[in-house]
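**Student:** One structure is given below, represented as structure tokens, and several questions about it will come after.
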Amino acid sequence: MSAFIDARTVPEGTVLETDLAIIGGGPAGISMALALAGAPFRVMLLESGGLGFDAKTQALYDGTKTGVSYLGLQVSRMRYLGGGTNIWGGWSRPMDRIEFEERGWMPHSGWPFGLEALQPHYPRAQALCEAGPWLYEKAEKWSPEMGPMIALGEGGVATRWFQFSKMRGSFLPTHFGLRYADDLRRVRNLSTYLHANVTRLGLARGGARIDQLDVATLSGRRFVVRPRFAVLASGAIEIARLMLASNDVMAAGVGNANDLVGRYFADHPIPRDIATLVLFDGKLAPYYLSNQTIERAVMRAGLFPDEAYRRARAVLDSSITVESVTKLDELGNSTVAATAAALGVDAGNAVAYSLGGGCEVTPDPERRITLDGGRDALGMPKVKLEMRLADSDLAHFRDTLKELGRQLLTSRAGMVRLNLKERSQWLAELDWGNHHMGTARAHADPKKGVVDANLQVHGVSNLFVAGSAVYPTYGAVNPTLSIVAMALRLADHLKGRMR
Amino acid sequence: MKDFLTRRNLLIGAGGAVVFAGAVFEATRLVRRRHAPSPYDDLLVRLDDRDAAAAIGEEVLVGTPDFDAPAAAGELRARFAHAGMAQTAAGDAAQGRLVEAHGWVLPETLGLLCALAAKTA
């Protein structure tokens with residue numbers, strides 16, 4: 001077992017050589033490092049933080065933001081081994097096939113590969129996330145023992161399932177740094193450097209290859225890594241920042257010949273109390289309200305627009321969850337009584353629930369990361385985020401909630417109140433998923449994407465991007481499981497490429 | 001004076017006050033339930049609580065400022081000629097005929113009835 005290396009002990013001016021440098025020790029970087037164990041080449045994992053939270057390191061995330069109210073850039077990420085998994089909620093679900101399709105009604109949609117490219121890697125990703133056996137919709141074989149699913153008439157919304165990461169020996173989701181530190185130490189062809197901040201991607205003359213990474217520590221040490229190949233795995237915001245800031249050879253930055261790096265930033269809006277669900281008989285199976293163990297998997301049901309509905313009605317993805325029991329006002333009680341009476345059902349035992357959820361946003365090139373005028377403690381330019389949220393994206397979510405209401409009326413099982421309509425109402429109830437995506441989007445055409453189908457940066461033959469930075473579109477499910485699956489796919493590609 | 005303010009008399013007085021208040025409330029409610037005749041009574045009779053329906057209908061009208069009561073009544077009579085309330089309401093949902101009232105998603109037939117109740121309240 002080899003110890004992690006503290007970059008603060010590396011002598012000033014050292015030049016380290018490696019075959020593959022992975023920049024960032026979050027779920028993507030750690031998964032790749034583990035997947036490349038035993039490969040016939042040397043791998044170096046460069047992580048900015050240490051094994052735990054450090055305020056000075058975290059402050060390197062500082063930046064400014066404009067536009068729609070958004071989380072602070074420091075609080076929505078974690079800059080130590082494990083990255084975003086140090087604060088994730090463990091929600092896991094694979095992407096749907098439709099996410100990868102080019103949809104005429106959705107501008108900038110279409111991935112350079114399909115779901116089939118990820119499917120072989122999902123089982124291993126599920127294992128790394130410790131999300132239990134692969135059940136998802138198969139849970140419906142056992143869930144009736146706990147109670148029936150919500151009766152929905154024919155339509156576009158259906159019950160679907162999340163699975164939850166649960167770190168071995170803990171009730172918490174898997175924190176990749178804590179969980180896999182010993183596994184990383186056991187990988188003989190891997191060197192893991194902590195407190196190692198990559199501050200520049202050094203392009204070779206002509207800009208077609210990376211030949212040097214400048215590394216700095218907060219203690220003032222600076223050294224150089226010369227990799228044959230490099231993977232950016234430091235999250236969508238930091239990846240864009242590093243590519244844009246590395247502008248000594250190519251003035252627009254690395255991989256930015258077409259002014260795409262940093263654009264199309266996305267996150268999932270998570271508005272609270274978006275709607276009120278009333279079930280006339282008051283009976284709700286427990287797996288809608290809280291996590292339940294089904295066949296050794298920790299699961300929770302949600303309500304999702306299905307793929308056929310999304311295609312037919314041209315609507316964005318969303319996920320709806322039942323959050324808590326709520327009370328109705330006098331008008332609400334009257335409306336429930338009148339509706340149940342009209343439908344010929346008894347609402348004497350009706351119960352109301354507050355609904356929450358998350359939704360997809362349309363790709364927007366103006367929602368973007370740029371460099372700010374300020375500098376961090378290492379001399380790196382800080383980032384500026386322009387955050388936007390289109391009314392039309394919120395309207396898609398509202399349409400799906402209305403479809404849910406329609407299906408409940410059709411089945412005479414219940415009804416829905418849409419609690420948010422005006423933009424100000426949505427913004428007042430808005431949280432975000434901390435799912436940073438899109439700043440180095442994948443597309444086969446260099447004019448439309450930063451990376452190609454193999455996640456190689458267009459025009460830079462030995463530089464790759466791992467993580468949700470490459471997402472051209474975003475779906476509505478939590479991205480970690482797919483980030484890991486995509487990282488494993490990239491590891492496989494590099495195994496072949498680096499022979 | 002002292003003899004009059006006995007515990008027994010006070011309890012009787014308090015009980016009487018409660019009964020009186022309840023009677024006033026119920027009488028008010030009954031009075032409120034007496035609606036003037038309207039051209040839509042054949043339809044409004046399908047509503048269990050016409051006052052509550054009128055309150056819902058006010059919210060329906062917010063979203064349909066150009067509501068045409070005679071036309072709506074004609075449409076409803078045509079629907080009820082073929083099916084009862086429950087079947088019509090569920091059929092509305094199946095066919096996507098919906099209205100919103102203060103955010104509540106309602107079968108259109110119920111929404112129109114409530115709007116008529118509001119117009120005649």
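Letters A, B, ... go to the chains of the structure tokens in the order shown; residues in each chain start at 1; ligands are counted from 1 in the same order.
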Need the shell around A:Ala37: protein/DNA/RNA residues with any atom at most 12 Å away, counting only C-alpha atoms. Skip same-chain ones fewer than 5 positions apart. Format as a list in words?
**Tutor:**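 Residues near the query, excluding close chain neighbours: Ile30, Ser31, Met32, Arg42, Val43, Met44, Asp183, Leu184, Arg185, Arg186, Val187, Arg188, Asn189, Leu190, Ser191, Leu488, Ala491, Asp492 and Lys495 of chain A.
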**Student:** Would you put the residues from that selection into a file with C-alpha atoms, as an mmCIF file, in the first residue's frame?
**Tutor:**
data_model
loop_
_atom_site.group_PDB
_atom_site.id
_atom_site.type_symbol
_atom_site.label_atom_id
_atom_site.label_comp_id
_atom_site.auth_asym_id
_atom_site.auth_seq_id
_atom_site.Cartn_x
_atom_site.Cartn_y
_atom_site.Cartn_z
ATOM 1 C CA ILE A 30 -11.545 8.449 -8.162
ATOM 2 C CA SER A 31 -13.615 6.071 -10.304
ATOM 3 C CA MET A 32 -11.167 6.443 -13.180
ATOM 4 C CA ARG A 42 1.460 5.175 -14.600
ATOM 5 C CA VAL A 43 -1.446 7.242 -13.352
ATOM 6 C CA MET A 44 -1.281 10.359 -11.214
ATOM 7 C CA ASP A 183 -8.444 1.312 -2.331
ATOM 8 C CA LEU A 184 -6.586 4.163 -4.020
ATOM 9 C CA ARG A 185 -3.548 3.520 -1.824
ATOM 10 C CA ARG A 186 -3.541 -0.085 -2.973
ATOM 11 C CA VAL A 187 -3.368 0.768 -6.688
ATOM 12 C CA ARG A 188 0.288 0.157 -7.527
ATOM 13 C CA ASN A 189 0.390 2.152 -10.740
ATOM 14 C CA LEU A 190 -1.265 5.169 -9.104
ATOM 15 C CA SER A 191 0.300 8.123 -7.304
ATOM 16 C CA LEU A 488 -15.554 4.289 -16.377
ATOM 17 C CA ALA A 491 -11.125 4.790 -18.507
ATOM 18 C CA ASP A 492 -11.850 1.956 -20.911
ATOM 19 C CA LYS A 495 -6.793 1.802 -21.752
#
**Student:** Which polymer residues have any atom within 7 Å of an atom of stretch 89-91 of chain A, counting only C-alpha atoms, with same-chain residues fewer than 2 positions away left out, as JSON, numbers by chain?
**Tutor:** {"A": [87, 93, 162, 163, 164, 165, 173, 478]}
**Student:** Enumerate the residues of stretch 240-298 of chain A with a DSSP assignment of strand (DSSP E or B), computed from the backbone, and present them as a count of residues only.
**Tutor:** 14
**Student:** Find the residues around B:Gly96 up to 12 Å (only C-alpha atoms counted), leave out those fewer than 4 positions away in its own chain, and share them as a list in words.
**Tutor:**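 The residues satisfying every condition are Gly153, Glu154, Gly155, Asp399, Lys402, Glu403, Leu404, Gly405, Arg406, Gln407, Leu408, Leu409 and Thr410 of chain A; Ala89, Ala90, Gly91, Asp92, Val105, Leu106, Pro107, Glu108 and Thr109 of chain B.
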**Student:** For chain B versus chain A, which residues have an atom no more than 8 Å away, and what is each residue's nearest atom pair and distance in Å rounded to one decimal, using only C-alpha atoms, chain-then-number order, as JSON lines?
**Tutor:**
{"residue": "B:Leu47", "atom": "CA", "partner": "A:Ala338", "partner_atom": "CA", "distance": 7.6}
{"residue": "B:Asp48", "atom": "CA", "partner": "A:Ala338", "partner_atom": "CA", "distance": 7.4}
{"residue": "B:Asp49", "atom": "CA", "partner": "A:Ala338", "partner_atom": "CA", "distance": 7.7}
{"residue": "B:Ala52", "atom": "CA", "partner": "A:Ser334", "partner_atom": "CA", "distance": 5.9}
{"residue": "B:Ala53", "atom": "CA", "partner": "A:Ala338", "partner_atom": "CA", "distance": 7.1}
{"residue": "B:Ala55", "atom": "CA", "partner": "A:Leu331", "partner_atom": "CA", "distance": 7.3}
{"residue": "B:Ile56", "atom": "CA", "partner": "A:Thr335", "partner_atom": "CA", "distance": 6.6}
{"residue": "B:Met85", "atom": "CA", "partner": "A:Ala342", "partner_atom": "CA", "distance": 5.9}
{"residue": "B:Ala86", "atom": "CA", "partner": "A:Leu343", "partner_atom": "CA", "distance": 4.2}
{"residue": "B:Gln87", "atom": "CA", "partner": "A:Leu343", "partner_atom": "CA", "distance": 7.2}
{"residue": "B:Ala89", "atom": "CA", "partner": "A:Leu343", "partner_atom": "CA", "distance": 5.9}
{"residue": "B:Ala90", "atom": "CA", "partner": "A:Thr410", "partner_atom": "CA", "distance": 5.1}
{"residue": "B:Gly91", "atom": "CA", "partner": "A:Thr410", "partner_atom": "CA", "distance": 7.2}
{"residue": "B:Ala93", "atom": "CA", "partner": "A:Thr410", "partner_atom": "CA", "distance": 5.1}
{"residue": "B:Ala94", "atom": "CA", "partner": "A:Thr410", "partner_atom": "CA", "distance": 5.4}
{"residue": "B:Gly96", "atom": "CA", "partner": "A:Arg406", "partner_atom": "CA", "distance": 6.9}
{"residue": "B:Leu98", "atom": "CA", "partner": "A:Arg406", "partner_atom": "CA", "distance": 7.6}
{"residue": "B:His102", "atom": "CA", "partner": "A:Arg417", "partner_atom": "CA", "distance": 7.9}
{"residue": "B:Gly103", "atom": "CA", "partner": "A:Leu418", "partner_atom": "CA", "distance": 4.6}
{"residue": "B:Trp104", "atom": "CA", "partner": "A:Arg417", "partner_atom": "CA", "distance": 4.0}
{"residue": "B:Val105", "atom": "CA", "partner": "A:Val416", "partner_atom": "CA", "distance": 5.9}
{"residue": "B:Leu106", "atom": "CA", "partner": "A:Thr339", "partner_atom": "CA", "distance": 7.1}
{"residue": "B:Pro107", "atom": "CA", "partner": "A:Leu409", "partner_atom": "CA", "distance": 7.5}
{"residue": "B:Leu110", "atom": "CA", "partner": "A:Ala342", "partner_atom": "CA", "distance": 6.8}
**Student:** Could the residues in this selection be written to a file with N, CA and C atoms, as a short mmCIF file (atom, residue, chain, number, x, y, z; two decimals), in the first residue's frame?
**Tutor:**
data_model
loop_
_atom_site.label_atom_id
_atom_site.label_comp_id
_atom_site.auth_asym_id
_atom_site.auth_seq_id
_atom_site.Cartn_x
_atom_site.Cartn_y
_atom_site.Cartn_z
N LEU B 47 -75.05 20.58 -7.72
CA LEU B 47 -74.00 20.94 -6.76
C LEU B 47 -74.48 20.69 -5.34
N ASP B 48 -73.68 20.00 -4.54
CA ASP B 48 -74.04 19.72 -3.15
C ASP B 48 -74.06 21.00 -2.33
N ASP B 49 -73.08 21.82 -2.52
CA ASP B 49 -72.93 23.04 -1.72
C ASP B 49 -72.73 24.21 -2.68
N ALA B 52 -70.25 27.03 -1.61
CA ALA B 52 -68.84 26.65 -1.79
C ALA B 52 -68.50 26.65 -3.28
N ALA B 53 -69.43 26.16 -4.08
CA ALA B 53 -69.20 26.12 -5.53
C ALA B 53 -69.04 27.54 -6.08
N ALA B 55 -67.80 30.06 -4.52
CA ALA B 55 -66.45 30.53 -4.16
C ALA B 55 -65.41 29.95 -5.12
N ILE B 56 -65.56 28.68 -5.46
CA ILE B 56 -64.65 28.06 -6.43
C ILE B 56 -64.83 28.73 -7.80
N MET B 85 -73.13 13.27 -13.88
CA MET B 85 -72.05 14.15 -13.45
C MET B 85 -70.72 13.41 -13.32
N ALA B 86 -70.72 12.27 -12.64
CA ALA B 86 -69.47 11.56 -12.39
C ALA B 86 -68.82 11.13 -13.70
N GLN B 87 -69.61 10.60 -14.58
CA GLN B 87 -69.06 10.13 -15.86
C GLN B 87 -68.56 11.30 -16.70
N ALA B 89 -67.50 14.22 -15.57
CA ALA B 89 -66.31 14.82 -14.96
C ALA B 89 -65.07 13.97 -15.25
N ALA B 90 -65.20 12.67 -15.07
CA ALA B 90 -64.06 11.80 -15.36
C ALA B 90 -63.71 11.84 -16.85
N GLY B 91 -64.78 11.94 -17.67
CA GLY B 91 -64.54 12.03 -19.12
C GLY B 91 -63.80 13.30 -19.49
N ALA B 93 -61.57 14.78 -17.70
CA ALA B 93 -60.15 14.57 -17.39
C ALA B 93 -59.50 13.69 -18.46
N ALA B 94 -60.19 12.64 -18.83
CA ALA B 94 -59.62 11.73 -19.83
C ALA B 94 -59.36 12.46 -21.14
N GLY B 96 -58.78 15.69 -21.40
CA GLY B 96 -57.96 16.89 -21.21
C GLY B 96 -58.76 18.17 -21.12
N LEU B 98 -59.91 20.64 -18.94
CA LEU B 98 -59.62 21.02 -17.56
C LEU B 98 -59.72 22.53 -17.40
N HIS B 102 -57.79 28.87 -8.73
CA HIS B 102 -56.80 29.14 -7.69
C HIS B 102 -55.73 28.05 -7.69
N GLY B 103 -55.36 27.57 -8.88
CA GLY B 103 -54.34 26.52 -9.02
C GLY B 103 -54.89 25.11 -9.02
N TRP B 104 -56.10 24.92 -8.51
CA TRP B 104 -56.67 23.57 -8.50
C TRP B 104 -57.04 23.15 -9.93
N VAL B 105 -56.62 21.96 -10.30
CA VAL B 105 -56.93 21.45 -11.63
C VAL B 105 -58.25 20.69 -11.53
N LEU B 106 -59.26 21.20 -12.26
CA LEU B 106 -60.62 20.66 -12.14
C LEU B 106 -61.13 20.15 -13.47
N PRO B 107 -62.03 19.18 -13.43
CA PRO B 107 -62.75 18.82 -14.66
C PRO B 107 -63.52 20.06 -15.16
N LEU B 110 -67.17 20.60 -13.94
CA LEU B 110 -67.30 21.13 -12.58
C LEU B 110 -66.95 22.61 -12.56
#
**Student:** List the neighbours of B:Lys119 out to 12 Å using only C-alpha atoms; skip same-chain residues closer than 6 positions along the sequence, and give me the result as JSON, numbers by chain.
**Tutor:** {"B": [35, 36, 38, 39, 40, 41, 44, 50, 51, 53, 54, 55, 56, 57, 58, 59, 60, 61, 65, 67, 68, 69, 70, 72, 73, 112, 113]}
**Student:** Near A:Met387, within 10 Å and counting only C-alpha atoms, which residues show up once chain neighbours fewer than 4 positions away are dropped, as JSON, numbers by chain?
**Tutor:** {"A": [65, 66, 67, 68, 69, 70, 265, 266, 267, 364, 366, 367, 368, 369]}
**Student:** Keeping C-alpha atoms, export the residues of the selection given above as an mmCIF file, in the first residue's frame.
**Tutor:**
data_model
loop_
_atom_site.group_PDB
_atom_site.id
_atom_site.type_symbol
_atom_site.label_atom_id
_atom_site.label_comp_id
_atom_site.auth_asym_id
_atom_site.auth_seq_id
_atom_site.Cartn_x
_atom_site.Cartn_y
_atom_site.Cartn_z
ATOM 1 C CA LYS A 65 -22.420 35.531 -9.734
ATOM 2 C CA THR A 66 -25.054 37.559 -11.454
ATOM 3 C CA GLY A 67 -28.570 36.866 -12.670
ATOM 4 C CA VAL A 68 -31.039 34.566 -10.982
ATOM 5 C CA SER A 69 -30.444 33.898 -7.309
ATOM 6 C CA TYR A 70 -28.039 31.003 -7.001
ATOM 7 C CA PHE A 265 -23.703 25.947 -17.612
ATOM 8 C CA ALA A 266 -26.678 24.229 -16.024
ATOM 9 C CA ASP A 267 -28.071 23.042 -12.732
ATOM 10 C CA ASP A 364 -28.552 28.269 -22.903
ATOM 11 C CA GLU A 366 -25.551 32.747 -22.188
ATOM 12 C CA ARG A 367 -25.822 30.909 -18.883
ATOM 13 C CA ARG A 368 -22.099 30.692 -18.491
ATOM 14 C CA ILE A 369 -18.845 30.719 -16.586
#
**Student:** Could you check how far atom CA of B:Asp42 sits from atom CA of A:Ala347, in Å to one decimal?
**Tutor:** 25.1 Å
**Student:** From the set B:Gly84, B:Gly13, B:Gly111, B:Gly74, which residue has the shortest atom-to-atom contact distance to B:Val62, counting only C-alpha atoms?
**Tutor:**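 Comparing B:Gly84, B:Gly13, B:Gly111, B:Gly74 against B:Val62, the winner is B:Gly111.
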**Student:** I'd like the interatomic distance between atom CA of A:Arg205 and atom CA of A:Gly235, to a tenth of an Å.
**Tutor:**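 Separation of atom CA of A:Arg205 and atom CA of A:Gly235: 26.9 Å.
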**Student:** Find the residue from A:Thr293, A:Val10, A:Thr159, A:Arg441 that sits nearest to A:Ala240; use only C-alpha atoms when measuring.
**Tutor:** A:Arg441
**Student:** Could you check the closest approach to A:Val383 for each of A:Thr370, A:Ser424, A:Ser324, A:Ser290 and tell me which residue wins, using only C-alpha atoms?
**Tutor:**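 Nearest to A:Val383: A:Thr370.
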**Student:** Between A:Asp54, A:Glu323, A:Glu99, A:Asp214, which has the minimum distance to A:Tyr287 (counting only C-alpha atoms)?
**Tutor:** A:Glu323
**Student:** I'd like the contact shell of A:Thr64 - 9 Å cut-off, only C-alpha atoms, skipping same-chain residues fewer than 3 positions apart - returned as a list in words.
**Tutor:**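 That gives Gly72, Leu73, Asp372, Lys382, Val383, Lys384, Leu385 and Glu386 of chain A.
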